[in-house]
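Right, one structure below, let's go through it.
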Amino acid sequence: TALGVHEFFLIDSVHHRNEPLWDAKRRFLSIFIFRAHCKRDFFNQAQLPHLLREDFWRDPAGAFAPEGVLERSMREYRRRTKQPLLTLAMRMIPERLLADDDDNLVRSIVLRTARLLEVAEQIWPVILDLHKPAGQRFTEISQLVQTASGLGETWAKMITVCLDLAYPRLGLLGSQCDVGIGAQAPLRCLLPEGGPDDPREALAALLRQLNGASDPSSKHFWGLLPKVEELVRQRYSSLPLILDQVHTERGKMTAVTLQVQLCEYRQFRNSLARIKFGLPGDESMKLPEKQKRMRSEDHLEFDEAGQRLLLHVPVQEGQQPQQAPQAQQEPLEVLLAAAGGGRRLAERVALLCFERLRDGASREEAIAFREELCKQCKASLEDVPEDSEAWQRCRATLKHKNPLVGFVFQAQGGPKISFQTTVAASGGVVNAERIARLCYARLEAGASKEAVLAYRGELYRRGTGAHGSLFR
């Protein structure tokens with residue numbers, strides 16, 4: 001079945017929870033709140049007490065606003081327990097929005113939850129529309145998830161699986177299912193020549209093969225499955241949504257069950273490679289390179305004791321970390337003191353070095369580039385606060401033939417404003433990003449584009465930036 005620990009938690013603690021305050025829609029929205037992090041204790045202690053109050057349901061999205069009641073509760077849980085706030089599959093270094101690591105992690109979950117709740121409000125009418133066939137509803141729900149900012153195929157798979165378990169009568173995933181990244185490599189491995197290019201079509205092709213197979217191992221599987229499902233029915237007789245999942249007819253495995261089992265198959269193959277052959281994993285179970293490309297932030301580590309950022313250098317394609325030269329295995333450090341004393345500026349130096357390394361520069365070239373960047377970092381120069389959104393929006397494009405920093409700003413209800421600074425006019429990459437951040441802040445403060453263009457020209461002429469701070 002598709003029942004993992006997180007799916008079981010939702011069935012047991014949300015859908016079958018004896019809570020008169022929760023109607024069908026509130027249970028539906030709770031799916032998205034939990035799935036934003038998938039940590040059961042975190043949900044039970046930091047979020048559930050609020051979800052059991054009527055005032056929360058007057059404006060769930062508002063409750064998840066920055067500095068809102070949920071963010072304060074989640075922050076208090078983190079500081080009190082020091083427990084992880086994300087399941088291992090989601091764990092990564094979030095985009096830097098706040099200076100404090102714990103606050104930044106909580107903020108990232110709050111923003112993700114708000115996005116998911118917006119998507120949930122769009123999906124709810126689709127769930128209720130019983131006139132649409134299951135395939136059409138699946139397609140609409142999948143598209144709504146995948147087109148939302150920061151989500152994609154794996155999120156669509158996760159959400160549609162949860163909805164299929166919650167509303168089994170809809171039959172959303174009986175014949176089709178989004179294929180998460182973790183299932184795509186084993187799917188290609190099992191199909192002749194990798195199967196159709198489209199992952200959904202490939203899954204459907206493998207499903208037809210499995211359901212139509214009549215070899216001895218298939219007969220054994222279909223003979224054993226009813227016995228296992230009977231044990232499950234006995235164990236979980238009080239949970240109807242689980243009972244709905246354990247009555248598989250012979251030759252009628254669903255697409256969603258196959259998708260989940262592909263992930264289990266990948267783990268089995270990797271385990272076999274490690275235990276039997278002493279290998280790091282099964283090479284045939286690796287994701288395509290274009291899909292396993294990590295964000296640059298995922299390679300950063302902050303050493304608080306040493307007041308430095310450690311950039312874990314990516315190894316060359318096809319090379320295992322332990323096969324890299326010792327010098328390449330060592331992280332590249334950026335001292336906060338060398339980068340003007342600010343953590344956000346040190347992060348930008350490290351991430352710019354990462355871009356060079358990822359594009360093929362040697363470690364020596366990256367170190368030289370780091371030194372060049374650090375010379376441009378001066379604590380005396382004006383910059384935006386470390387929690388400003390400008391740090392995320394204003395990043396240099398080094399591959400451009402005339403390197404620049406470009407961004408698009410749009411105030412609420414206003415027109416989109418395209419803006420850029422160039423490295424040549426600014427006197428360096430660091431200055432180009434800093435001047436762009438200052439201009440972004442002026443636009444945020446309500447200045448017109450013409451006024452900010454004049455301000456940019458003034459900063460260009462000074463060469464080192466403004467000294468009369470907007471934020472003092």
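Residue numbering restarts at 1 for every chain of the structure tokens, chains are lettered A, B, ... in their displayed order, and ligands are numbered from 1 as they appear.
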Closest-contact table, range 115-226 of chain A side, partner range 15-21 of chain A, 12 Å, counting only C-alpha atoms, as a Markdown table:
```
| residue | atom | partner | partner_atom | distance |
| --- | --- | --- | --- | --- |
| A:Cys162 | CA | A:His15 | CA | 10.9 |
| A:Leu163 | CA | A:His15 | CA | 11.0 |
| A:Leu165 | CA | A:His15 | CA | 9.9 |
| A:Ala166 | CA | A:His15 | CA | 7.2 |
| A:Tyr167 | CA | A:His15 | CA | 10.1 |
```
Name the residues in contact with Phe8 in chain A at a cut-off of 12 Å, using only C-alpha atoms, excluding same-chain residues fewer than 6 positions from it; report them as number ranges by chain. A: 1-2, 14-16, 31, 38, 40, 161-162, 165-166, 236, 239-243, 245
Shell of 12 Å around range 217-228 of chain A, only C-alpha atoms, local chain residues under 2 positions omitted, as a compact mmCIF listing (two decimals) with N, CA and C atoms, in the first residue's frame:
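Everything below was put into selection.txt:
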```txt
# COMPACT_ATOMS: atom_id res chain seq x y z
N THR A 1 0.85 -1.19 0.00
CA THR A 1 0.00 0.00 0.00
C THR A 1 0.88 1.24 0.00
N GLN A 209 2.49 -4.23 -17.03
CA GLN A 209 3.34 -5.43 -17.02
C GLN A 209 3.16 -6.22 -15.73
N LEU A 210 3.17 -5.52 -14.60
CA LEU A 210 3.08 -6.21 -13.32
C LEU A 210 1.72 -6.87 -13.13
N ASN A 211 0.66 -6.15 -13.46
CA ASN A 211 -0.68 -6.71 -13.27
C ASN A 211 -0.99 -7.83 -14.26
N GLY A 212 -0.29 -7.84 -15.39
CA GLY A 212 -0.55 -8.88 -16.39
C GLY A 212 0.40 -10.05 -16.32
N ALA A 213 1.39 -10.00 -15.43
CA ALA A 213 2.39 -11.07 -15.35
C ALA A 213 1.78 -12.35 -14.79
N SER A 214 2.27 -13.50 -15.29
CA SER A 214 1.76 -14.80 -14.85
C SER A 214 2.88 -15.78 -14.53
N ASP A 215 4.10 -15.30 -14.31
CA ASP A 215 5.22 -16.18 -13.99
C ASP A 215 5.10 -16.67 -12.54
N GLU A 230 -5.07 -9.50 5.27
CA GLU A 230 -5.97 -9.95 6.33
C GLU A 230 -5.38 -9.63 7.71
N LEU A 231 -4.08 -9.80 7.87
CA LEU A 231 -3.42 -9.45 9.13
C LEU A 231 -3.55 -7.95 9.41
N VAL A 232 -3.42 -7.13 8.36
CA VAL A 232 -3.55 -5.69 8.52
C VAL A 232 -4.98 -5.34 8.93
N ARG A 233 -5.96 -5.97 8.31
CA ARG A 233 -7.36 -5.69 8.65
C ARG A 233 -7.66 -6.03 10.11
N GLN A 234 -7.06 -7.10 10.58
CA GLN A 234 -7.27 -7.47 11.98
C GLN A 234 -6.62 -6.46 12.92
N ARG A 235 -5.45 -6.01 12.56
CA ARG A 235 -4.70 -5.10 13.43
C ARG A 235 -5.33 -3.71 13.48
N GLN A 245 -7.63 0.34 2.13
CA GLN A 245 -6.40 0.15 1.37
C GLN A 245 -5.99 -1.31 1.27
N VAL A 246 -6.66 -2.22 1.98
CA VAL A 246 -6.14 -3.59 2.06
C VAL A 246 -7.18 -4.62 1.58
N HIS A 247 -7.63 -4.39 0.38
CA HIS A 247 -8.52 -5.38 -0.27
C HIS A 247 -8.19 -5.43 -1.76
N THR A 248 -6.90 -5.57 -2.08
CA THR A 248 -6.42 -5.53 -3.46
C THR A 248 -6.88 -6.76 -4.23
N GLU A 249 -7.54 -6.54 -5.35
CA GLU A 249 -7.95 -7.65 -6.20
C GLU A 249 -6.76 -8.14 -7.01
N ARG A 250 -6.77 -9.42 -7.33
CA ARG A 250 -5.68 -10.02 -8.09
C ARG A 250 -5.52 -9.31 -9.43
N GLY A 251 -4.29 -8.92 -9.75
CA GLY A 251 -4.00 -8.25 -11.02
C GLY A 251 -4.48 -6.82 -11.09
N LYS A 252 -4.77 -6.21 -9.91
CA LYS A 252 -5.27 -4.83 -9.92
C LYS A 252 -4.51 -3.94 -8.93
N MET A 253 -3.20 -4.09 -8.90
CA MET A 253 -2.38 -3.14 -8.12
C MET A 253 -2.60 -1.74 -8.68
```
Please identify all polymer residues within 10 Å of Glu153 in chain A, counting only C-alpha atoms, omitting same-chain residues fewer than 5 positions from it, and present them as a ChimeraX atom specification. /A:142-143,145-147,158-159,178-181
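Atom pair CA of Phe64 in chain A / CA of Phe302 in chain A: separated by 27.6 Å.
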